[in-house]
6 protein chains.
Amino acid sequence: MADLEIISYPELEFSHRFIDNGPESIESELDEILAAPDTAAKIVEAEREGVDAVVIDCLGDPGMKAGREATKIPVIGAGETSMHVAAMLGHRFSIITTLDRVCHMNENQAKIYGVHEKFASCRAVNTPVLDLEQSTQTLIRDLVDAGELAIREDGAHVLLFGCTGMSKVAIAVEEGLKNRGFDVPVVEPLSTAIHFAYMILQLGYRYSGITYPLPPQKTIVGYSFPEIRKTK
Amino acid sequence: MADLEIISYPELEFSHRFIDNGPESIESELDEILAAPDTAAKIVEAEREGVDAVVIDCLGDPGMKAGREATKIPVIGAGETSMHVAAMLGHRFSIITTLDRVCHMNENQAKIYGVHEKFASCRAVNTPVLDLEQSTQTLIRDLVDAGELAIREDGAHVLLFGCTGMSKVAIAVEEGLKNRGFDVPVVEPLSTAIHFAYMILQLGYRYSGITYPLPPQKTIVGYSFPEIRKTK
Amino acid sequence: MADLEIISYPELEFSHRFIDNGPESIESELDEILAAPDTAAKIVEAEREGVDAVVIDCLGDPGMKAGREATKIPVIGAGETSMHVAAMLGHRFSIITTLDRVCHMNENQAKIYGVHEKFASCRAVNTPVLDLEQSTQTLIRDLVDAGELAIREDGAHVLLFGCTGMSKVAIAVEEGLKNRGFDVPVVEPLSTAIHFAYMILQLGYRYSGITYPLPPQKTIVGYSFPEIRKTK
Amino acid sequence: MADLEIISYPELEFSHRFIDNGPESIESELDEILAAPDTAAKIVEAEREGVDAVVIDCLGDPGMKAGREATKIPVIGAGETSMHVAAMLGHRFSIITTLDRVCHMNENQAKIYGVHEKFASCRAVNTPVLDLEQSTQTLIRDLVDAGELAIREDGAHVLLFGCTGMSKVAIAVEEGLKNRGFDVPVVEPLSTAIHFAYMILQLGYRYSGITYPLPPQKTIVGYSFPEIRKTK
Amino acid sequence: MADLEIISYPELEFSHRFIDNGPESIESELDEILAAPDTAAKIVEAEREGVDAVVIDCLGDPGMKAGREATKIPVIGAGETSMHVAAMLGHRFSIITTLDRVCHMNENQAKIYGVHEKFASCRAVNTPVLDLEQSTQTLIRDLVDAGELAIREDGAHVLLFGCTGMSKVAIAVEEGLKNRGFDVPVVEPLSTAIHFAYMILQLGYRYSGITYPLPPQKTIVGYSFPEIRKTK
Amino acid sequence: MADLEIISYPELEFSHRFIDNGPESIESELDEILAAPDTAAKIVEAEREGVDAVVIDCLGDPGMKAGREATKIPVIGAGETSMHVAAMLGHRFSIITTLDRVCHMNENQAKIYGVHEKFASCRAVNTPVLDLEQSTQTLIRDLVDAGELAIREDGAHVLLFGCTGMSKVAIAVEEGLKNRGFDVPVVEPLSTAIHFAYMILQLGYRYSGITYPLPPQKTIVGYSFPEIRKTK
């Protein structure tokens, strides 16, 4: 489990940007598609400003694939990355998340990302994203309860937070489960994605040009979408 | 194979609407996400105007899932519907489409839609959507060639057009393959989706409220998205 | 959910035929194979009499593939069709059916039809087919109970009746589940198959000649099987 | 590879019976369903006569599941058994068979039998069953050619004959492939099934009573089907 | 279910050999890898001494693949063989075994062996291998309990013992389940493997030379590994 | 693509250790099992000496799972890690490796690691591990040829080296493919695993205690295996 505070590579400089257009939080297919265009636009702008890699701070990875097409820099999805890391840490992983309604969306992601074989289940605490910060103790207890069910009933050996907004309680949830006798890692998607982005940069990898070729030039109406250059 | 001209149910009234905001054509992940928000908006408006069902005229089904969340009416995706119909018509189907770059996007759809077991392959004629109408004879020949390869090399028993803009040549492609000795149905996605929408209405079916629950009310910035009522 | 009574396309003329040879009802692998030969024979006769399409009134689809080989007309299986429609209506579907013993037979069908990814489970009310009409209220309650378990325990988002003999209670079961708070479509296989047959005719589709080629001419002993022409 | 002649367990007594009703050979879905009822009847009669186990002499396993329901004795399918044995002998197996048209039928069997992961491909020599004995040298050469393609193109490590009528050339085909540098076992389904039946009897195993429960008693019209007792 | 005592083919001569180097019992990944080298060495020695086939007496099949590479004789794994036999005896099988910790190891085997589609679950009685013989009655009751849960909760139609050390109670467990109303075969892996080895010898089959080619000659340090000849 | 030379985290101290007992190189199942015990022993010793994480320098990941059981420190397999990274970088990956004979071993790994959905193929240059350094130019050309075939024939969008001994030519192979018009990342497994180990340490993750519990204490004969403490 990771504590977001301690991310400190000497040579690493962070910037954080919110999308200007889109919903307050992402909890539905509709939220996903409304968040995606400006996320992609922000990724293109980031590349233009000289950013070396972008991390999308949402398990749903809105705009990730479009952002990869439109730039040459690594675009890291918190969902894709953390699902693969969770898949590596044990036999099967379960997602513990905010609302039941996003569970099948996460399962569809696992299918696309190719880790569905390792996907045990998804269980929700039924707290909307924007209420996550209201009662930390309740959130921790609910996540520990959901995690215990995932382990006992669904065969989870690893747990993955379904929302990057839960990052602060990762250590506490891992502790809570250990106190109940369950020795499982809890994967926090945002810090995982940030460290993964750093790793990809260190390795000099980029995403496949066959999977993510430059989008065809065409007229786009209704968006002030930045010009795509992908010049690297 | 179907001819779009002959769709004429006495009691059926068609309307056709283009999105106002988005790209000219859909040939990339970026095009998909830019087309989705206004497609979903148009679906909500259509319900408000009393439309009984909506068909999305694109194999990529942009906005389909969001549109189902946001309305009570059936929202039929040309991609989802035609892939399932193709899956039923024979042992395996291949998609013959415009550009190589969309093939893996279609394959990902097949995974989400649950018909990947029946997906043989995807082969492209490498003609952009907006050039499809330039030379009908060339298009027919290229599609017949792609179809023959899909049958011979990939084990296709059924062919599916990867773009609703190819609808006019479906009969000719089926004939062309028959002349080469291949007795395979060619599924045209747009007419398939329209007839399927009619069927769903006749049957009184709706999409699952567990998969597509009403999206949570929340502030949306940057879109003049219509108010969601889902009152049925 | 569909009410069989309301199927009324102006230009559509129905005929219904029972098989002469076979079991009273289909509830086992043995019943399936005893029902199949005469079903296929009746399909060949139907084509000869000028019928445009045949619907097999049994979820097990006995004789479906043989009937497709032996004729040129669309042969629609209630099982294959309704499983694909159920797959499209939501994330996963469960079958609620008569007897436990047919559940794994239905699951095998889902594997062959290529929709196993969408198959959540099968649950039985343990009422034989021929007793289905004895107590409608009991049947409805039992199906609602089975459906609730499928939703709660198995992750079903859509329900599919496992027997065409349940068609009359489809609306009541859907209502019963709604009253318990579950907003799920209930797919009735027979009406689904009839409307699907109409759709296929409207579209002019046929089943693949590679999957279902004309059977080789050969001596058949012990059956008064009609001569196969497949002349279209 | 096995030579059928050498099957000689001291305590084993063979009897061989043809079905009275059905097609001359099995090369289509129609042939399958016409062969199944009398095969099942013959299995019931065999049990009544004190036979200890039955082997179905056809890769398509017609009537196998019904025969298991209707009796207590092991009913061994040449297809099911030999596919599992082929799956065990190496990384992946291909079927080399009579006609292209049965290939997808065999693939569907592999899905039902649960060995599709090990199924590399199916390739046909395009010789009907009843012509198999015409030219042994041609048949051997064609099977070796098909096997070589399966190894080179499809990744086969093991070959399985798709027809029990090919048993006499198994050794020759294995030799032929060895001469071309391919060290692969050739599985002959009939002898495999006979030895497997013997093994099952020695082990005292029976097929699951949950998968294959006694069929419900019911009126059967048009067949002189023997009374089912399953009394063991 | 099989009783190991009754294995008596007139022409069959048994020898049994323990590994000299390795752990007392196999209950972990570490045990597996420590048992494998000497198992492979014993297999090579057995071939040199004229043994016709080797059975590995452990469900984990340590050294099986290496033993096949290093010899020409059939090397039968109790795990691989019994999983395939269990897969054939019914719709799905569950493993009932010693410790929870080996369950996912068995599931990984099922994936490699290509029978994961038929794998329902694994349930443990939580008795270490070396304690299996302490209380036979407790062991039987625990295995019957585990089997009942596998049937009721996980959809098992067949049960497979997860340890060859349980062979003596196979009949009693099958009886115990029958007394609770569950008519399921219990597969005992060791006797299954021995009979299977005999069958493979009778059939003259060998494992694929493409999957298991002779290992390259090379310097091996720290093992007194016998010289590999594979001369047959 | 990564250059191993440039791995230089200021706070990171490397040590490299060869196994004392085992084969010279790993190119067979036999080599794998002979390499595993001492690899696991070295991992235990490394933990005792205060090492924070171990990377296994071989795509086959010998001893990885046992090493995770026996220690508390992260044990990173070059194979598991690089397959997941390759899976993330594009739609599908192919392995280009030394010898054909290891290809199905790698495919089995992909099944166990849960990334088989993303595994396109494996192609070999047919150069033994110990000859890899003989002609760098030949090796580069052969790997580029194998990569091109994987892209053209098998649908690879990403390439993964199947041997950590190829690390020095990764940039050249990526360049060579770019010169032929293929814009694909080439994943080098050793540097990937090293950076991944660093990432896991930074994140504070450990492998699941349910998947990798401490092995039971037991007598081990024939190995001077270090005492296991796992005290963290």
# chains A, B, ... in the order shown; residues from 1 in each chain; ligands from 1

call {"tool": "calpha_fit_and_write", "arguments": {"fixed": "chain A", "moving": "chain F", "output": "mmCIF file with C-alpha atoms, in the first residue's frame"}}
result
data_model
loop_
_atom_site.group_PDB
_atom_site.id
_atom_site.type_symbol
_atom_site.label_atom_id
_atom_site.label_comp_id
_atom_site.auth_asym_id
_atom_site.auth_seq_id
_atom_site.Cartn_x
_atom_site.Cartn_y
_atom_site.Cartn_z
ATOM 1 C CA MET F 1 -0.021 -0.001 0.004
ATOM 2 C CA ALA F 2 1.231 3.453 -0.789
ATOM 3 C CA ASP F 3 1.074 6.839 0.843
ATOM 4 C CA LEU F 4 0.691 9.543 -1.767
ATOM 5 C CA GLU F 5 2.547 12.064 0.372
ATOM 6 C CA ILE F 6 5.872 10.322 0.045
ATOM 7 C CA ILE F 7 6.203 10.515 -3.731
ATOM 8 C CA SER F 8 9.383 12.463 -4.065
ATOM 9 C CA TYR F 9 11.790 11.722 -6.834
ATOM 10 C CA PRO F 10 14.384 14.492 -6.733
ATOM 11 C CA GLU F 11 14.190 15.165 -10.457
ATOM 12 C CA LEU F 12 10.419 14.884 -10.686
ATOM 13 C CA GLU F 13 8.241 17.953 -10.928
ATOM 14 C CA PHE F 14 4.501 17.601 -10.554
ATOM 15 C CA SER F 15 1.699 19.688 -11.939
ATOM 16 C CA HIS F 16 -1.978 19.005 -11.397
ATOM 17 C CA ARG F 17 -4.748 20.251 -13.589
ATOM 18 C CA PHE F 18 -8.527 19.931 -13.384
ATOM 19 C CA ILE F 19 -10.636 19.688 -16.492
ATOM 20 C CA ASP F 20 -12.626 22.831 -17.194
ATOM 21 C CA ASN F 21 -15.509 21.092 -18.892
ATOM 22 C CA GLY F 22 -17.201 17.994 -17.560
ATOM 23 C CA PRO F 23 -18.975 16.643 -14.474
ATOM 24 C CA GLU F 24 -18.001 17.173 -10.842
ATOM 25 C CA SER F 25 -17.212 13.508 -10.365
ATOM 26 C CA ILE F 26 -17.312 10.315 -12.425
ATOM 27 C CA GLU F 27 -19.873 7.728 -11.429
ATOM 28 C CA SER F 28 -21.672 6.772 -14.635
ATOM 29 C CA GLU F 29 -21.167 6.108 -18.324
ATOM 30 C CA LEU F 30 -22.509 9.604 -18.923
ATOM 31 C CA ASP F 31 -19.959 11.143 -16.570
ATOM 32 C CA GLU F 32 -17.219 9.221 -18.382
ATOM 33 C CA ILE F 33 -18.054 10.562 -21.820
ATOM 34 C CA LEU F 34 -18.522 14.104 -20.552
ATOM 35 C CA ALA F 35 -15.134 14.024 -18.851
ATOM 36 C CA ALA F 36 -13.230 12.500 -21.749
ATOM 37 C CA PRO F 37 -12.982 15.325 -24.323
ATOM 38 C CA ASP F 38 -11.478 17.919 -22.035
ATOM 39 C CA THR F 39 -9.189 15.331 -20.463
ATOM 40 C CA ALA F 40 -7.826 14.558 -23.924
ATOM 41 C CA ALA F 41 -7.495 18.270 -24.627
ATOM 42 C CA LYS F 42 -5.581 18.797 -21.397
ATOM 43 C CA ILE F 43 -3.241 15.960 -22.353
ATOM 44 C CA VAL F 44 -2.470 17.599 -25.687
ATOM 45 C CA GLU F 45 -1.850 20.917 -23.959
ATOM 46 C CA ALA F 46 0.406 19.240 -21.420
ATOM 47 C CA GLU F 47 2.575 17.761 -24.151
ATOM 48 C CA ARG F 48 2.805 21.162 -25.836
ATOM 49 C CA GLU F 49 3.952 22.678 -22.535
ATOM 50 C CA GLY F 50 6.751 20.159 -22.313
ATOM 51 C CA VAL F 51 5.279 17.760 -19.816
ATOM 52 C CA ASP F 52 6.987 14.346 -20.091
ATOM 53 C CA ALA F 53 4.099 12.119 -19.054
ATOM 54 C CA VAL F 54 0.485 12.455 -17.990
ATOM 55 C CA VAL F 55 -1.409 10.519 -15.314
ATOM 56 C CA ILE F 56 -5.204 10.461 -15.485
ATOM 57 C CA ASP F 57 -6.524 10.787 -11.942
ATOM 58 C CA CYS F 58 -9.607 8.562 -12.259
ATOM 59 C CA LEU F 59 -10.032 4.784 -12.279
ATOM 60 C CA GLY F 60 -12.257 5.014 -15.335
ATOM 61 C CA ASP F 61 -9.374 6.317 -17.456
ATOM 62 C CA PRO F 62 -11.495 8.836 -19.408
ATOM 63 C CA GLY F 63 -9.741 10.086 -22.514
ATOM 64 C CA MET F 64 -6.745 7.801 -22.030
ATOM 65 C CA LYS F 65 -6.789 6.126 -25.431
ATOM 66 C CA ALA F 66 -7.564 9.357 -27.272
ATOM 67 C CA GLY F 67 -4.777 11.100 -25.396
ATOM 68 C CA ARG F 68 -2.332 8.420 -26.452
ATOM 69 C CA GLU F 69 -3.358 8.845 -30.079
ATOM 70 C CA ALA F 70 -3.007 12.588 -29.918
ATOM 71 C CA THR F 71 0.412 12.811 -28.259
ATOM 72 C CA LYS F 72 3.768 11.099 -28.163
ATOM 73 C CA ILE F 73 4.163 11.208 -24.404
ATOM 74 C CA PRO F 74 3.132 8.329 -22.133
ATOM 75 C CA VAL F 75 -0.463 8.728 -20.972
ATOM 76 C CA ILE F 76 -0.948 6.602 -17.877
ATOM 77 C CA GLY F 77 -4.409 5.534 -16.791
ATOM 78 C CA ALA F 78 -4.890 4.984 -13.072
ATOM 79 C CA GLY F 79 -7.296 2.153 -13.913
ATOM 80 C CA GLU F 80 -5.270 0.242 -16.477
ATOM 81 C CA THR F 81 -2.060 0.529 -14.507
ATOM 82 C CA SER F 82 -3.416 -0.387 -11.108
ATOM 83 C CA MET F 83 -5.408 -3.339 -12.443
ATOM 84 C CA HIS F 84 -2.257 -4.825 -13.947
ATOM 85 C CA VAL F 85 -0.261 -4.159 -10.772
ATOM 86 C CA ALA F 86 -3.017 -5.739 -8.678
ATOM 87 C CA ALA F 87 -3.009 -8.713 -11.059
ATOM 88 C CA MET F 88 0.692 -9.212 -10.440
ATOM 89 C CA LEU F 89 0.549 -9.025 -6.647
ATOM 90 C CA GLY F 90 -1.515 -12.195 -6.181
ATOM 91 C CA HIS F 91 -3.796 -14.840 -7.619
ATOM 92 C CA ARG F 92 -6.895 -12.664 -8.092
ATOM 93 C CA PHE F 93 -7.909 -9.118 -7.194
ATOM 94 C CA SER F 94 -11.193 -7.485 -6.253
ATOM 95 C CA ILE F 95 -12.091 -3.860 -6.598
ATOM 96 C CA ILE F 96 -13.638 -2.112 -3.601
ATOM 97 C CA THR F 97 -15.308 1.039 -4.758
ATOM 98 C CA THR F 98 -17.863 3.799 -4.245
ATOM 99 C CA LEU F 99 -21.127 2.710 -5.889
ATOM 100 C CA ASP F 100 -22.514 -0.583 -7.201
ATOM 101 C CA ARG F 101 -23.331 1.098 -10.491
ATOM 102 C CA VAL F 102 -19.690 1.479 -11.507
ATOM 103 C CA CYS F 103 -18.766 -2.148 -10.821
ATOM 104 C CA HIS F 104 -19.701 -3.477 -14.240
ATOM 105 C CA MET F 105 -17.975 -0.502 -15.850
ATOM 106 C CA ASN F 106 -14.779 -1.551 -14.078
ATOM 107 C CA GLU F 107 -15.319 -5.149 -15.142
ATOM 108 C CA ASN F 108 -15.602 -4.006 -18.757
ATOM 109 C CA GLN F 109 -12.317 -2.150 -18.354
ATOM 110 C CA ALA F 110 -10.688 -5.361 -17.075
ATOM 111 C CA LYS F 111 -11.882 -7.110 -20.233
ATOM 112 C CA ILE F 112 -10.423 -4.459 -22.516
ATOM 113 C CA TYR F 113 -7.173 -4.287 -20.546
ATOM 114 C CA GLY F 114 -6.776 -8.058 -20.757
ATOM 115 C CA VAL F 115 -6.746 -8.837 -17.026
ATOM 116 C CA HIS F 116 -10.243 -10.227 -16.657
ATOM 117 C CA GLU F 117 -8.816 -13.654 -15.780
ATOM 118 C CA LYS F 118 -7.467 -12.087 -12.580
ATOM 119 C CA PHE F 119 -10.597 -10.099 -11.756
ATOM 120 C CA ALA F 120 -12.370 -11.749 -8.808
ATOM 121 C CA SER F 121 -15.181 -9.259 -8.157
ATOM 122 C CA CYS F 122 -16.138 -5.705 -7.376
ATOM 123 C CA ARG F 123 -17.870 -4.618 -4.165
ATOM 124 C CA ALA F 124 -19.132 -1.154 -3.330
ATOM 125 C CA VAL F 125 -19.433 0.800 -0.087
ATOM 126 C CA ASN F 126 -22.256 2.838 -1.592
ATOM 127 C CA THR F 127 -20.766 6.230 -0.849
ATOM 128 C CA PRO F 128 -20.720 8.750 -3.710
ATOM 129 C CA VAL F 129 -17.325 10.123 -4.689
ATOM 130 C CA LEU F 130 -18.046 13.583 -3.321
ATOM 131 C CA ASP F 131 -19.011 12.175 0.096
ATOM 132 C CA LEU F 132 -15.836 10.134 0.491
ATOM 133 C CA GLU F 133 -14.198 12.731 2.694
ATOM 134 C CA GLN F 134 -17.121 13.202 5.075
ATOM 135 C CA SER F 135 -16.400 10.441 7.548
ATOM 136 C CA THR F 136 -13.010 8.859 7.257
ATOM 137 C CA GLN F 137 -13.700 6.307 9.986
ATOM 138 C CA THR F 138 -16.911 5.148 8.350
ATOM 139 C CA LEU F 139 -15.198 4.913 5.018
ATOM 140 C CA ILE F 140 -12.365 2.818 6.420
ATOM 141 C CA ARG F 141 -14.763 0.448 8.157
ATOM 142 C CA ASP F 142 -16.929 0.103 5.054
ATOM 143 C CA LEU F 143 -13.917 -0.592 2.861
ATOM 144 C CA VAL F 144 -12.579 -3.167 5.302
ATOM 145 C CA ASP F 145 -16.012 -4.821 5.367
ATOM 146 C CA ALA F 146 -16.216 -4.847 1.571
ATOM 147 C CA GLY F 147 -12.684 -6.184 1.373
ATOM 148 C CA GLU F 148 -13.401 -8.969 3.820
ATOM 149 C CA LEU F 149 -16.418 -10.040 1.773
ATOM 150 C CA ALA F 150 -14.341 -9.962 -1.400
ATOM 151 C CA ILE F 151 -11.753 -12.218 0.236
ATOM 152 C CA ARG F 152 -14.176 -14.625 1.894
ATOM 153 C CA GLU F 153 -16.849 -14.866 -0.779
ATOM 154 C CA ASP F 154 -15.145 -14.011 -4.060
ATOM 155 C CA GLY F 155 -11.649 -15.393 -3.657
ATOM 156 C CA ALA F 156 -9.785 -12.076 -3.720
ATOM 157 C CA HIS F 157 -6.095 -12.257 -2.762
ATOM 158 C CA VAL F 158 -5.434 -8.581 -3.538
ATOM 159 C CA LEU F 159 -7.655 -5.512 -3.191
ATOM 160 C CA LEU F 160 -7.763 -2.485 -5.452
ATOM 161 C CA PHE F 161 -9.419 0.816 -4.614
ATOM 162 C CA GLY F 162 -11.960 1.685 -7.270
ATOM 163 C CA CYS F 163 -11.574 5.418 -6.837
ATOM 164 C CA THR F 164 -8.516 7.639 -6.665
ATOM 165 C CA GLY F 165 -10.353 9.707 -4.074
ATOM 166 C CA MET F 166 -9.778 6.971 -1.483
ATOM 167 C CA SER F 167 -6.005 7.306 -1.487
ATOM 168 C CA LYS F 168 -5.679 8.619 2.055
ATOM 169 C CA VAL F 169 -7.199 5.566 3.723
ATOM 170 C CA ALA F 170 -5.208 2.883 1.910
ATOM 171 C CA ILE F 171 -2.839 2.193 4.801
ATOM 172 C CA ALA F 172 -5.680 2.144 7.289
ATOM 173 C CA VAL F 173 -7.701 -0.311 5.226
ATOM 174 C CA GLU F 174 -4.726 -2.602 4.826
ATOM 175 C CA GLU F 175 -4.178 -2.444 8.588
ATOM 176 C CA GLY F 176 -7.841 -3.078 9.267
ATOM 177 C CA LEU F 177 -7.798 -6.198 7.156
ATOM 178 C CA LYS F 178 -4.595 -7.404 8.771
ATOM 179 C CA ASN F 179 -6.267 -7.018 12.159
ATOM 180 C CA ARG F 180 -9.018 -9.304 10.924
ATOM 181 C CA GLY F 181 -6.442 -11.853 9.834
ATOM 182 C CA PHE F 182 -6.233 -11.074 6.115
ATOM 183 C CA ASP F 183 -2.745 -10.462 4.797
ATOM 184 C CA VAL F 184 -3.547 -8.774 1.499
ATOM 185 C CA PRO F 185 -2.029 -5.821 -0.316
ATOM 186 C CA VAL F 186 -4.306 -2.854 -0.974
ATOM 187 C CA VAL F 187 -3.477 -1.172 -4.270
ATOM 188 C CA GLU F 188 -4.024 2.592 -4.391
ATOM 189 C CA PRO F 189 -4.484 3.521 -8.054
ATOM 190 C CA LEU F 190 -3.285 7.123 -8.153
ATOM 191 C CA SER F 191 0.096 6.674 -6.501
ATOM 192 C CA THR F 192 0.528 3.469 -8.484
ATOM 193 C CA ALA F 193 -0.065 5.351 -11.717
ATOM 194 C CA ILE F 194 2.321 8.150 -10.787
ATOM 195 C CA HIS F 195 5.144 5.759 -9.954
ATOM 196 C CA PHE F 196 4.355 3.750 -13.058
ATOM 197 C CA ALA F 197 4.613 6.897 -15.185
ATOM 198 C CA TYR F 198 8.005 7.566 -13.698
ATOM 199 C CA MET F 199 9.066 4.000 -14.441
ATOM 200 C CA ILE F 200 7.909 4.230 -18.042
ATOM 201 C CA LEU F 201 9.892 7.439 -18.478
ATOM 202 C CA GLN F 202 12.987 5.880 -16.958
ATOM 203 C CA LEU F 203 12.637 2.929 -19.296
ATOM 204 C CA GLY F 204 12.065 5.170 -22.303
ATOM 205 C CA TYR F 205 8.951 3.222 -23.315
ATOM 206 C CA ARG F 206 6.105 4.653 -25.307
ATOM 207 C CA TYR F 207 2.667 3.277 -26.178
ATOM 208 C CA SER F 208 2.336 1.398 -29.460
ATOM 209 C CA GLY F 209 2.055 3.464 -32.611
ATOM 210 C CA ILE F 210 -0.056 0.699 -34.164
ATOM 211 C CA THR F 211 -2.609 0.762 -31.371
ATOM 212 C CA TYR F 212 -2.517 4.531 -30.996
ATOM 213 C CA PRO F 213 -1.689 6.132 -34.347
ATOM 214 C CA LEU F 214 -2.079 9.878 -34.869
ATOM 215 C CA PRO F 215 -5.771 10.671 -35.428
ATOM 216 C CA PRO F 216 -6.648 11.751 -38.980
ATOM 217 C CA GLN F 217 -6.804 15.530 -39.427
ATOM 218 C CA LYS F 218 -10.427 16.563 -39.615
ATOM 219 C CA THR F 219 -12.827 19.386 -38.866
ATOM 220 C CA ILE F 220 -14.045 19.263 -35.257
ATOM 221 C CA VAL F 221 -17.062 21.355 -34.339
ATOM 222 C CA GLY F 222 -18.042 22.549 -30.890
ATOM 223 C CA TYR F 223 -14.759 21.968 -29.090
ATOM 224 C CA SER F 224 -11.830 24.320 -28.789
ATOM 225 C CA PHE F 225 -9.627 21.275 -29.097
ATOM 226 C CA PRO F 226 -5.907 22.095 -29.258
ATOM 227 C CA GLU F 227 -4.055 21.384 -32.478
ATOM 228 C CA ILE F 228 -2.480 17.944 -32.425
ATOM 229 C CA ARG F 229 1.187 17.816 -33.326
ATOM 230 C CA LYS F 230 2.683 14.551 -32.050
ATOM 231 C CA THR F 231 5.991 15.710 -33.410
ATOM 232 C CA LYS F 232 8.413 13.747 -31.291
#

call {"tool": "select_by_dssp", "arguments": {"residues": "range 68-177 of chain E", "states": "strand (DSSP E or B)", "output": "PyMOL selection string"}}
result
chain E and resi 75-77+93-97+119-124+158-161

call {"tool": "select_by_dssp", "arguments": {"residues": "range 153-191 of chain E", "states": "helix (DSSP H, G or I)", "output": "list in words"}}
result
Glu153, Asp154, Thr164, Gly165, Met166, Ser167, Lys168, Val169, Ala170, Ile171, Ala172, Val173, Glu174, Glu175, Gly176, Leu177, Lys178, Asn179, Pro189, Leu190 and Ser191 of chain E
